[in-house]
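Data file: model39.txt. Format and content: compact mmCIF, C-alpha atoms.
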# COMPACT_ATOMS: atom_id res chain seq x y z
CA MET A 1 -29.84 3.93 98.34
CA THR A 2 -28.61 5.22 94.97
CA PRO A 3 -24.81 5.66 95.05
CA ARG A 4 -23.64 9.27 94.69
CA ILE A 5 -20.47 9.79 92.67
CA THR A 6 -18.51 13.03 92.26
CA TRP A 7 -16.64 14.13 89.15
CA ASP A 8 -13.26 13.62 90.86
CA ARG A 9 -14.03 10.00 91.69
CA ALA A 10 -15.45 9.27 88.22
CA SER A 11 -12.46 10.93 86.60
CA ALA A 12 -10.05 8.91 88.74
CA ARG A 13 -11.69 5.64 87.70
CA ARG A 14 -11.69 6.50 84.01
CA TYR A 15 -8.07 7.64 84.23
CA GLY A 16 -7.01 4.35 85.77
CA ARG A 17 -9.03 2.16 83.44
CA GLN A 18 -7.63 4.08 80.47
CA LEU A 19 -4.10 3.08 81.56
CA LEU A 20 -3.14 6.71 82.13
CA ARG A 21 -2.44 6.47 85.85
CA THR A 22 -0.08 3.53 85.32
CA PRO A 23 0.68 2.46 81.73
CA ALA A 24 0.86 -1.29 81.20
CA GLN A 25 4.09 -3.12 80.53
CA PHE A 26 4.42 -4.06 76.87
CA ASP A 27 4.52 -7.80 76.22
CA THR A 28 6.92 -8.41 73.34
CA THR A 29 6.33 -12.18 73.28
CA GLY A 30 2.92 -12.15 71.61
CA PRO A 31 -0.61 -12.22 73.03
CA SER A 32 -1.14 -10.70 76.46
CA GLY A 33 -0.07 -12.83 79.36
CA ALA A 34 1.58 -12.55 82.74
CA ALA A 35 4.47 -10.63 81.18
CA GLY A 36 2.35 -7.68 80.10
CA ARG A 37 -0.16 -6.36 77.62
CA SER A 38 -0.31 -6.50 73.82
CA VAL A 39 -1.22 -3.71 71.44
CA ALA A 40 -4.52 -5.43 70.67
CA SER A 41 -5.45 -5.69 74.35
CA VAL A 42 -4.87 -1.97 74.84
CA VAL A 43 -6.99 -1.17 71.78
CA SER A 44 -9.71 -3.35 73.32
CA THR A 45 -9.37 -1.59 76.69
CA LEU A 46 -10.01 1.74 74.98
CA LEU A 47 -12.88 0.07 73.04
CA ALA A 48 -11.69 1.66 69.80
CA VAL A 49 -8.85 4.03 68.90
CA HIS A 50 -9.64 6.89 66.52
CA ALA A 51 -7.31 6.53 63.53
CA GLN A 52 -8.27 9.22 61.04
CA VAL A 53 -4.74 10.42 61.79
CA LEU A 54 -2.88 7.12 62.11
CA SER A 55 0.17 8.66 63.78
CA ALA A 56 -2.11 9.94 66.56
CA ALA A 57 -3.61 6.47 67.03
CA GLU A 58 -0.11 5.01 67.28
CA LEU A 59 0.73 7.54 69.96
CA SER A 60 -2.53 6.92 71.87
CA VAL A 61 -1.76 3.21 72.15
CA ALA A 62 1.98 3.40 72.78
CA LEU A 63 1.59 6.01 75.54
CA ARG A 64 -0.30 3.34 77.47
CA LEU A 65 2.31 0.60 76.91
CA ASP A 66 5.67 1.12 78.58
CA GLY A 67 8.48 -0.06 76.33
CA SER A 68 6.51 0.18 73.10
CA THR A 69 6.90 2.49 70.11
CA ARG A 70 4.84 3.38 67.07
CA GLN A 71 6.55 0.51 65.21
CA ASP A 72 4.98 -1.98 67.61
CA VAL A 73 1.53 -0.58 66.82
CA ARG A 74 2.27 -0.78 63.10
CA SER A 75 3.43 -4.37 63.48
CA ALA A 76 0.17 -5.32 65.21
CA LEU A 77 -1.76 -3.59 62.43
CA TRP A 78 0.08 -4.68 59.29
CA ASP A 79 2.12 -7.77 60.23
CA ASP A 80 0.34 -10.00 62.74
CA ARG A 81 -3.04 -8.33 62.00
CA SER A 82 -4.15 -8.52 65.63
CA VAL A 83 -5.46 -4.98 65.10
CA VAL A 84 -7.59 -3.80 62.18
CA LYS A 85 -7.99 -0.30 60.78
CA THR A 86 -11.56 0.16 59.61
CA TYR A 87 -14.74 2.19 60.07
CA GLY A 88 -15.85 2.09 63.68
CA PRO A 89 -18.08 4.18 65.98
CA ARG A 90 -19.68 7.23 64.35
CA GLY A 91 -18.68 5.87 60.94
CA THR A 92 -15.15 7.24 61.41
CA ILE A 93 -11.85 5.41 61.01
CA HIS A 94 -10.70 3.51 64.09
CA LEU A 95 -8.36 0.76 65.17
CA LEU A 96 -10.27 -2.25 66.49
CA ALA A 97 -9.02 -5.50 68.00
CA ALA A 98 -9.30 -8.07 65.19
CA ALA A 99 -10.63 -10.74 67.54
CA GLU A 100 -13.57 -8.48 68.38
CA LEU A 101 -14.75 -7.87 64.80
CA PRO A 102 -17.79 -10.19 65.17
CA PHE A 103 -18.95 -8.12 68.14
CA TRP A 104 -18.24 -4.78 66.48
CA SER A 105 -19.93 -5.75 63.23
CA ALA A 106 -23.12 -6.82 64.96
CA ALA A 107 -23.22 -3.80 67.27
CA LEU A 108 -22.35 -1.07 64.78
CA THR A 109 -24.72 -2.27 62.07
CA ALA A 110 -27.52 -2.28 64.65
CA VAL A 111 -27.04 1.38 65.58
CA PRO A 112 -29.60 3.52 63.69
CA GLY A 113 -28.17 5.89 61.12
CA GLY A 114 -28.43 9.64 61.08
CA THR A 115 -29.92 12.02 58.53
CA ALA A 116 -30.57 10.50 55.12
CA ALA A 117 -28.63 11.74 52.11
CA PRO A 118 -30.37 14.11 49.67
CA ALA A 119 -32.76 12.39 47.27
CA ALA A 120 -30.46 12.98 44.29
CA VAL A 121 -27.63 11.16 46.05
CA ARG A 122 -29.16 8.31 48.05
CA MET A 123 -29.60 4.73 46.96
CA THR A 124 -32.45 2.34 47.60
CA SER A 125 -31.94 -0.28 50.30
CA GLY A 126 -31.60 -2.87 47.56
CA GLN A 127 -28.89 -0.87 45.81
CA GLU A 128 -27.04 -0.41 49.10
CA GLU A 129 -27.00 -4.15 49.67
CA GLN A 130 -25.72 -4.68 46.13
CA VAL A 131 -22.86 -2.28 46.76
CA LEU A 132 -21.93 -3.86 50.09
CA ALA A 133 -21.84 -7.30 48.49
CA ALA A 134 -19.81 -5.95 45.57
CA ILE A 135 -17.25 -4.37 47.91
CA GLY A 136 -16.79 -7.60 49.85
CA ASP A 137 -16.46 -9.68 46.70
CA ALA A 138 -14.03 -7.28 45.05
CA LEU A 139 -11.74 -7.15 48.09
CA ASP A 140 -11.76 -10.84 48.95
CA GLY A 141 -8.09 -11.84 48.89
CA ARG A 142 -7.06 -8.59 47.17
CA ARG A 143 -5.70 -5.14 48.01
CA LEU A 144 -7.19 -2.33 45.93
CA THR A 145 -6.85 1.45 45.84
CA ILE A 146 -10.03 3.50 45.99
CA ASP A 147 -10.04 3.99 42.22
CA GLU A 148 -9.55 0.29 41.58
CA LEU A 149 -12.28 -0.55 44.05
CA SER A 150 -14.62 1.94 42.41
CA GLU A 151 -14.14 0.27 39.02
CA GLU A 152 -14.89 -3.13 40.55
CA VAL A 153 -18.02 -1.92 42.34
CA VAL A 154 -19.46 -0.28 39.24
CA ALA A 155 -18.70 -3.35 37.15
CA ARG A 156 -20.51 -5.57 39.67
CA THR A 157 -23.55 -3.33 40.14
CA GLY A 158 -24.19 -0.84 37.35
CA PRO A 159 -23.31 2.64 36.05
CA TRP A 160 -25.64 4.22 38.62
CA ALA A 161 -23.17 3.31 41.38
CA GLY A 162 -20.49 5.41 39.70
CA ASP A 163 -22.56 8.58 39.23
CA LEU A 164 -20.54 11.53 40.57
CA VAL A 165 -23.15 12.92 42.94
CA MET A 166 -21.46 13.09 46.37
CA GLU A 167 -19.93 16.39 47.40
CA ALA A 168 -16.22 15.93 48.15
CA PHE A 169 -13.27 18.11 49.07
CA GLN A 170 -12.28 18.83 45.48
CA GLY A 171 -14.94 17.66 43.07
CA LYS A 172 -17.46 14.86 43.55
CA TRP A 173 -17.33 11.20 44.58
CA PRO A 174 -19.29 8.32 43.03
CA ARG A 175 -22.63 7.41 44.54
CA TRP A 176 -21.50 4.07 46.00
CA ARG A 177 -19.05 5.69 48.43
CA GLN A 178 -21.83 6.88 50.73
CA VAL A 179 -21.99 3.35 52.17
CA MET A 180 -18.25 2.82 52.44
CA HIS A 181 -18.38 3.21 56.22
CA ARG A 182 -21.13 0.60 56.35
CA ALA A 183 -18.90 -1.78 54.41
CA GLY A 184 -16.24 -1.36 57.05
CA GLN A 185 -18.68 -1.77 59.93
CA SER A 186 -20.23 -4.90 58.42
CA GLY A 187 -16.90 -6.63 57.80
CA ALA A 188 -16.75 -6.29 54.02
CA LEU A 189 -13.82 -3.85 54.05
CA CYS A 190 -10.81 -2.77 56.07
CA PHE A 191 -7.61 -0.90 55.35
CA ALA A 192 -4.50 -2.61 54.02
CA PRO A 193 -0.94 -1.18 53.91
CA ASP A 194 -0.51 1.87 51.70
CA ARG A 195 0.73 1.39 48.16
CA GLY A 196 3.19 4.24 47.88
CA ARG A 197 1.16 7.28 48.88
CA LYS A 198 -2.19 5.66 48.14
CA ALA A 199 -4.40 3.94 50.69
CA THR A 200 -5.49 0.42 49.87
CA TYR A 201 -8.33 -1.74 51.12
CA THR A 202 -8.92 -5.44 51.62
CA ARG A 203 -11.48 -7.72 53.21
CA PRO A 204 -10.87 -8.92 56.77
CA PRO A 205 -11.23 -12.64 57.53
CA ARG A 206 -14.85 -13.76 57.34
CA PHE A 207 -16.72 -14.22 60.59
CA ASP A 208 -20.19 -14.94 61.93
CA PRO A 209 -21.51 -11.83 63.72
CA LEU A 210 -23.24 -12.02 67.08
CA PRO A 211 -26.99 -11.47 67.47
CA ALA A 212 -27.68 -7.73 67.33
CA ASP A 213 -29.34 -7.43 70.74
CA GLU A 214 -26.51 -9.33 72.42
CA ALA A 215 -23.90 -7.14 70.71
CA LEU A 216 -25.65 -3.87 71.61
CA ALA A 217 -25.92 -4.92 75.24
CA ALA A 218 -22.21 -5.76 75.26
CA LEU A 219 -21.37 -2.43 73.63
CA VAL A 220 -23.22 -0.47 76.32
CA ARG A 221 -21.54 -2.48 79.07
CA HIS A 222 -18.07 -2.00 77.56
CA TYR A 223 -18.72 1.70 77.10
CA LEU A 224 -19.93 2.18 80.66
CA HIS A 225 -17.01 0.18 82.06
CA ALA A 226 -14.49 2.39 80.24
CA TYR A 227 -16.23 5.79 80.35
CA GLY A 228 -19.05 5.61 82.86
CA PRO A 229 -20.91 6.95 84.68
CA ALA A 230 -22.73 8.10 81.57
CA THR A 231 -26.20 8.97 80.37
CA PRO A 232 -28.01 7.66 77.29
CA GLN A 233 -27.32 11.08 75.72
CA HIS A 234 -23.58 10.62 76.25
CA PHE A 235 -23.77 7.19 74.63
CA ALA A 236 -25.79 8.61 71.74
CA THR A 237 -23.09 11.22 71.15
CA TRP A 238 -20.35 8.59 71.22
CA THR A 239 -22.19 6.37 68.72
CA ALA A 240 -23.77 9.18 66.64
CA ALA A 241 -27.15 7.57 67.32
CA PRO A 242 -30.58 9.16 67.95
CA ARG A 243 -31.03 10.11 71.60
CA GLY A 244 -34.46 8.54 71.81
CA TRP A 245 -33.10 5.21 70.61
CA ALA A 246 -30.27 5.33 73.16
CA THR A 247 -32.71 6.17 75.96
CA ALA A 248 -34.89 3.20 75.04
CA LEU A 249 -31.85 0.89 74.85
CA PHE A 250 -30.68 1.91 78.33
CA ALA A 251 -34.21 1.42 79.70
CA THR A 252 -34.31 -2.10 78.27
CA LEU A 253 -30.93 -3.00 79.76
CA ALA A 254 -31.92 -1.53 83.12
CA SER A 255 -35.14 -3.56 83.15
CA VAL A 256 -33.17 -6.81 82.91
CA GLY A 257 -30.59 -5.75 85.49
CA SER A 258 -27.67 -5.34 83.09
CA ILE A 259 -26.99 -1.72 84.10
CA GLU A 260 -27.87 0.33 87.16
CA GLU A 261 -28.53 3.97 87.92
CA ILE A 262 -26.36 6.13 90.16
CA ASP A 263 -26.31 9.80 91.12
CA PHE A 264 -23.48 11.51 89.22
CA GLU A 265 -23.02 15.07 90.41
CA GLY A 266 -26.77 15.34 91.00
CA THR A 267 -27.71 13.86 87.60
CA PRO A 268 -29.01 10.32 86.99
CA ALA A 269 -26.36 8.31 85.14
CA TRP A 270 -25.57 4.66 84.55
CA VAL A 271 -22.87 2.09 85.26
CA VAL A 272 -22.64 -1.64 84.65
CA ALA A 273 -24.70 -3.46 87.26
CA GLY A 274 -22.56 -3.98 90.36
CA ASP A 275 -19.72 -1.80 89.08
CA THR A 276 -20.16 0.89 91.72
CA GLY A 277 -16.67 0.98 93.20
CA PHE A 278 -14.79 4.25 92.60
CA PRO A 279 -11.38 5.44 93.84
CA THR A 280 -11.28 7.95 96.67
CA GLU A 281 -7.91 9.38 95.63
CA ALA A 282 -8.09 12.14 93.01
CA VAL A 283 -6.04 12.08 89.82
CA ARG A 284 -2.65 13.73 90.02
CA GLY A 285 -0.09 14.17 87.29
CA VAL A 286 0.60 15.43 83.79
CA ARG A 287 -0.07 13.69 80.48
CA LEU A 288 0.18 14.63 76.79
CA LEU A 289 -2.60 13.09 74.67
CA PRO A 290 -2.69 13.21 70.85
CA TYR A 291 -5.51 14.11 68.49
CA PHE A 292 -8.81 12.31 69.16
CA ASP A 293 -7.51 10.36 72.14
CA ALA A 294 -10.30 8.21 73.59
CA TYR A 295 -10.00 9.61 77.12
CA ALA A 296 -10.55 13.21 76.05
CA VAL A 297 -13.24 12.43 73.47
CA ALA A 298 -15.45 10.05 75.43
CA ALA A 299 -15.28 11.46 78.98
CA GLN A 300 -18.45 13.37 79.82
CA PRO A 301 -19.77 15.87 80.76
CA ARG A 302 -17.52 17.75 78.39
CA ALA A 303 -17.63 21.02 80.33
CA ARG A 304 -16.00 19.24 83.28
CA MET A 305 -13.40 17.54 81.09
CA PHE A 306 -12.56 20.90 79.47
CA PRO A 307 -12.99 23.36 82.34
CA GLY A 308 -12.87 27.14 81.98
CA ALA A 309 -10.47 28.37 79.33
CA ALA A 310 -9.90 24.83 78.07
CA TYR A 311 -13.45 24.71 76.70
CA ARG A 312 -12.69 27.68 74.47
CA ARG A 313 -9.08 26.82 73.58
CA ALA A 314 -9.03 23.03 73.21
CA LEU A 315 -12.37 22.36 71.51
CA ALA A 316 -13.49 23.13 67.98
CA GLY A 317 -17.09 24.27 68.17
CA GLY A 318 -17.61 22.01 71.17
CA GLN A 319 -16.07 18.99 69.40
CA ALA A 320 -13.26 17.22 71.23
CA GLY A 321 -10.22 15.73 69.55
CA ASN A 322 -9.18 18.42 67.10
CA PHE A 323 -6.31 19.53 69.33
CA PRO A 324 -3.76 17.37 71.14
CA VAL A 325 -4.29 18.16 74.81
CA LEU A 326 -2.29 18.63 77.98
CA LEU A 327 -3.89 16.90 80.97
CA VAL A 328 -3.20 18.16 84.46
CA ASP A 329 -4.78 16.13 87.26
CA GLY A 330 -7.03 14.33 84.80
CA VAL A 331 -8.62 17.29 83.01
CA VAL A 332 -7.62 19.34 79.98
CA ALA A 333 -5.34 22.22 80.95
CA GLY A 334 -3.69 23.15 77.66
CA VAL A 335 -2.90 22.16 74.09
CA TRP A 336 0.25 21.02 72.36
CA HIS A 337 1.73 20.29 68.96
CA GLN A 338 4.75 18.41 67.69
CA ARG A 339 6.68 19.16 64.54
CA ARG A 340 9.26 16.71 63.30
CA GLN A 341 12.36 17.63 61.34
CA GLY A 342 14.61 14.71 60.53
CA LYS A 343 15.56 12.88 63.69
CA ARG A 344 14.33 15.67 65.98
CA THR A 345 10.86 16.79 66.97
CA THR A 346 9.81 20.03 68.62
CA VAL A 347 7.08 19.51 71.22
CA THR A 348 5.38 22.86 71.86
CA VAL A 349 3.07 22.90 74.89
CA GLU A 350 0.70 25.76 75.73
CA PRO A 351 -0.49 25.44 79.34
CA LEU A 352 -3.57 27.47 80.21
CA GLY A 353 -2.37 28.05 83.77
CA ARG A 354 0.83 28.06 85.78
CA LEU A 355 2.53 24.70 86.26
CA THR A 356 4.31 23.79 89.47
CA GLY A 357 7.94 22.75 89.40
CA ALA A 358 6.94 19.10 89.81
CA GLN A 359 4.46 19.39 86.94
CA GLU A 360 7.10 20.99 84.71
CA ARG A 361 9.40 18.04 85.39
CA GLU A 362 6.60 15.61 84.57
CA LEU A 363 5.93 17.52 81.36
CA GLY A 364 9.56 17.10 80.37
CA GLU A 365 9.27 13.35 80.97
CA GLU A 366 6.12 13.22 78.86
CA ALA A 367 7.87 15.00 75.99
CA GLU A 368 10.73 12.50 76.25
CA ARG A 369 8.25 9.62 76.05
CA VAL A 370 6.58 11.15 72.98
CA GLY A 371 9.99 11.37 71.32
CA GLU A 372 10.81 7.77 72.27
CA ILE A 373 7.57 6.51 70.73
CA LEU A 374 8.11 8.51 67.54
CA GLY A 375 11.79 7.59 67.29
CA ALA A 376 12.93 11.21 67.48
CA LYS A 377 14.92 13.39 69.85
CA PRO A 378 12.42 15.79 71.44
CA GLU A 379 12.89 19.45 72.25
CA LEU A 380 10.30 20.78 74.69
CA VAL A 381 9.10 24.34 74.16
CA VAL A 382 6.58 25.89 76.54
CA GLY A 383 4.77 28.62 74.68
CA LYS A 384 1.94 29.51 72.33
CA VAL A 385 0.72 26.84 69.90
CA THR A 386 0.19 28.77 66.68
CA VAL A 387 -1.29 26.04 64.46
CA GLY A 388 -5.04 25.59 64.20
CA ALA A 389 -7.30 22.62 64.90
CA HIS A 390 -6.35 19.32 63.30
CA ALA A 391 -3.14 20.83 61.86
Show how you would write the structure in this file as structure tokens.
Amino acid sequence: MTPRITWDRASARRYGRQLLRTPAQFDTTGPSGAAGRSVASVVSTLLAVHAQVLSAAELSVALRLDGSTRQDVRSALWDDRSVVKTYGPRGTIHLLAAAELPFWSAALTAVPGGTAAPAAVRMTSGQEEQVLAAIGDALDGRRLTIDELSEEVVARTGPWAGDLVMEAFQGKWPRWRQVMHRAGQSGALCFAPDRGRKATYTRPPRFDPLPADEALAALVRHYLHAYGPATPQHFATWTAAPRGWATALFATLASVGSIEEIDFEGTPAWVVAGDTGFPTEAVRGVRLLPYFDAYAVAAQPRARMFPGAAYRRALAGGQAGNFPVLLVDGVVAGVWHQRRQGKRTTVTVEPLGRLTGAQERELGEEAERVGEILGAKPELVVGKVTVGAHA
């Protein structure tokens, strides 16, 4: 008989596996062991941590590691390099566990791309490969700003790579930058520490990627373990892949017994084969999650994760992540914003319903934890958040 799973039970499992029910103890001695968890292991647990706003990524990780602060995340990223900032799922900037780069490179480069660039902008496949090789060569053992990297790429390929044809925020970017995310996904590029106010890039240590089919199978299993039950359409959204391709991939994995179907709120969905145990106790409690936190972005169906007024208030055109969110009992129940001034930060929380006294006390504890992570004294204000999305 096909197992039948309710939203509450699925939500409870995701919440626990995302280290939100009980954050892990931070291990300050190095790699994860009996004493606790490392930053890299938490990044791996979340699969990838969205890092377009690096401060939000630092908060996402540290909220799941008792005793840690944003400085510990920065140390893992820039000092011991157990975590890498690069282009991950959907071609957007993420933190990835450095030890998993061979897996990520093989999986992400095997995911089909989306809509092709306009004819006047795109490159041939041969030109793209030239650019990727040029990026890797230019960054090998070096840290370059985007302008320095652009000069190196053009010098190694030809003037065509530097044609200003890509629409940008203020002006146009050179042609070669349309494959910058592919350079990150393939292991030719990652971020290095900023030089003043400028981002810099380098090449991560070289590695031999896994076979593509093996890596894709592992990616689906990791995704379903962290965020399942899920459908091929949910996975396609998370990877920015064609739905038909995702459906075929799931069918292939099901045919070899790697994943299995369950009934999720009356809809066929998938879990890792044998991973059909779900908690019976519903989620209880209050959490503050930053921009693009993995739990809020990946949990589907989105209408259940953002019920009622939350769907209108906490999403931007249906897209999750553009607002930091207040979770109550595992679902989005408000938005929040923090504004730092010197050694103090004001944490403004806008609940979309009435909080109980116990929930208000939990909210105060969450604000204190946010301040601890950021190294600032927090002041909690319950009221209207007046800033817009991604402010």
For Thr22 of chain A, work out the shell of residues within 10 Å, counting all atoms listed in the file and skipping chain neighbours fewer than 6 positions away, then give it as a list in words.
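Result of the neighbour search: Tyr15, Gly16, Arg64, Leu65 and Asp66 of chain A.
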I'd like a table as a Markdown table: residues in segment 25-70 of chain A with an atom no more than 7 Å from segment 371-389 of chain A, each row giving the shortest atom pair and its distance in Å to one decimal, only C-alpha atoms counted, sorted by chain and rising residue number.
| residue | atom | partner | partner_atom | distance |
| --- | --- | --- | --- | --- |
| A:Leu59 | CA | A:Ile373 | CA | 7.0 |
| A:Ala62 | CA | A:Ile373 | CA | 6.7 |
| A:Ser68 | CA | A:Ile373 | CA | 6.8 |
| A:Thr69 | CA | A:Ile373 | CA | 4.1 |
| A:Arg70 | CA | A:Ile373 | CA | 5.5 |
Minimum-distance residue to Val39 of chain A, chosen among A:Thr157, A:Thr276, A:Gln71, A:Ser55 (using all atoms listed in the file):
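Under the stated criterion, the closest residue is A:Gln71.
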Rank A:Leu46, A:Val283, A:Leu63, A:Leu54 by their smallest atom-to-atom distance to Ala24 of chain A, using all atoms listed in the file, and report the top residue only.
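Using all atoms listed in the file, Ala24 of chain A sits closest to A:Leu63.
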As an MDAnalysis selection string, please: the residues near segment 318-321 of chain A (cut-off 7 Å, all atoms listed in the file, same-chain neighbours under 4 positions excluded).
chainID A and resid 291:293 296:297
Considering only C-alpha atoms, return as an NGL selection string whatever protein or nucleic-acid residues lie within 10 Å of Leu253 of chain A, sequence-local ones (same chain, fewer than 5 positions apart) excluded.
:A and (216-217 or 220-221 or 248 or 258-260 or 272-273)
For Ala241 of chain A, find every residue with an atom within 9 Å (counting only C-alpha atoms), except residues of its own chain fewer than 6 positions away, and show them as an MDAnalysis selection string.
chainID A and resid 90 111:114 235
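Residues lying within 12 Å of Arg21 of chain A, counting only C-alpha atoms and ignoring same-chain neighbours fewer than 5 positions away, are Ser11, Ala12, Arg13, Arg14, Tyr15, Gly16, Leu63, Arg64, Leu65, Glu281, Ala282, Val283, Arg284, Gly285, Val286, Arg287, Tyr295, Leu327, Val328, Asp329 and Gly330 of chain A.
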Serialized selection, C-alpha atoms, as a tab-separated table (two decimals), in the coordinates of the input:
chain	number	residue	atom	x	y	z
A	11	SER	CA	-12.46	10.93	86.60
A	12	ALA	CA	-10.05	8.91	88.74
A	13	ARG	CA	-11.69	5.64	87.70
A	14	ARG	CA	-11.69	6.50	84.01
A	15	TYR	CA	-8.07	7.64	84.23
A	16	GLY	CA	-7.01	4.35	85.77
A	63	LEU	CA	1.59	6.01	75.54
A	64	ARG	CA	-0.30	3.34	77.47
A	65	LEU	CA	2.31	0.60	76.91
A	281	GLU	CA	-7.91	9.38	95.63
A	282	ALA	CA	-8.09	12.14	93.01
A	283	VAL	CA	-6.04	12.08	89.82
A	284	ARG	CA	-2.65	13.73	90.02
A	285	GLY	CA	-0.09	14.17	87.29
A	286	VAL	CA	0.60	15.43	83.79
A	287	ARG	CA	-0.07	13.69	80.48
A	295	TYR	CA	-10.00	9.61	77.12
A	327	LEU	CA	-3.89	16.90	80.97
A	328	VAL	CA	-3.20	18.16	84.46
A	329	ASP	CA	-4.78	16.13	87.26
A	330	GLY	CA	-7.03	14.33	84.80
Closest to Leu363 of chain A among A:Gly342, A:Pro229, A:Pro159, A:Gly334, using only C-alpha atoms?
A:Gly334
My list of candidates is A:Val331, A:Val349, A:Leu132, A:Val165. Which is closest to Val153 of chain A when distances are computed with all atoms listed in the file?
A:Leu132
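Of the residues listed (A:Leu289, A:Ala246, A:Ala218, A:Ala138), A:Ala218 shows the shortest atom-to-atom separation from Ala107 of chain A; distances use all atoms listed in the file.
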In file coordinates, which residues lie within 10 Å of (-23.4, 13.5, 87.5) using all atoms listed in the file, given as a list in words?
Arg4, Ile5, Thr6, Trp7, Ala10, Pro229, Ala230, Thr231, Ile262, Asp263, Phe264, Glu265, Gly266, Thr267, Pro268, Ala269, Trp270, Gln300 and Pro301 of chain A
For a test of reading the model, state the distance in Å between atom CA of Arg156 of chain A and atom CA of Ala134 of chain A, rounded to one decimal.
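So the two atoms, atom CA of Arg156 of chain A and atom CA of Ala134 of chain A, lie 6.0 Å apart.
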Which residue, A:Val332, A:Ala133, A:Ala116, A:Val43, has the smallest gap to Gly184 of chain A when you use only C-alpha atoms?
A:Ala133
Neighbour residues at most 9 Å from (-18.5, 3.2, 36.0) (only C-alpha atoms) as a list of chain:residue names:
A:Ser150, A:Glu151, A:Glu152, A:Val153, A:Val154, A:Ala155, A:Gly158, A:Pro159, A:Trp160, A:Ala161, A:Gly162, A:Asp163, A:Pro174
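Between atom CA of Leu19 of chain A and atom CA of Val49 of chain A there is a distance of 13.6 Å.
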To test the calculation: enclose all listed atoms of segment 298-312 of chain A in a box whose edges run along x, y and z, add 4 Å on each side, then state centre and edge lengths in Å to one decimal, as AutoDock Vina command-line options.
--center_x -14.8 --center_y 19.2 --center_z 78.9 --size_x 17.9 --size_y 26.3 --size_z 16.8
Could you please determine the separation between atom CA of Ala367 of chain A and atom CA of Leu47 of chain A in Å, to one decimal place?
25.7 Å
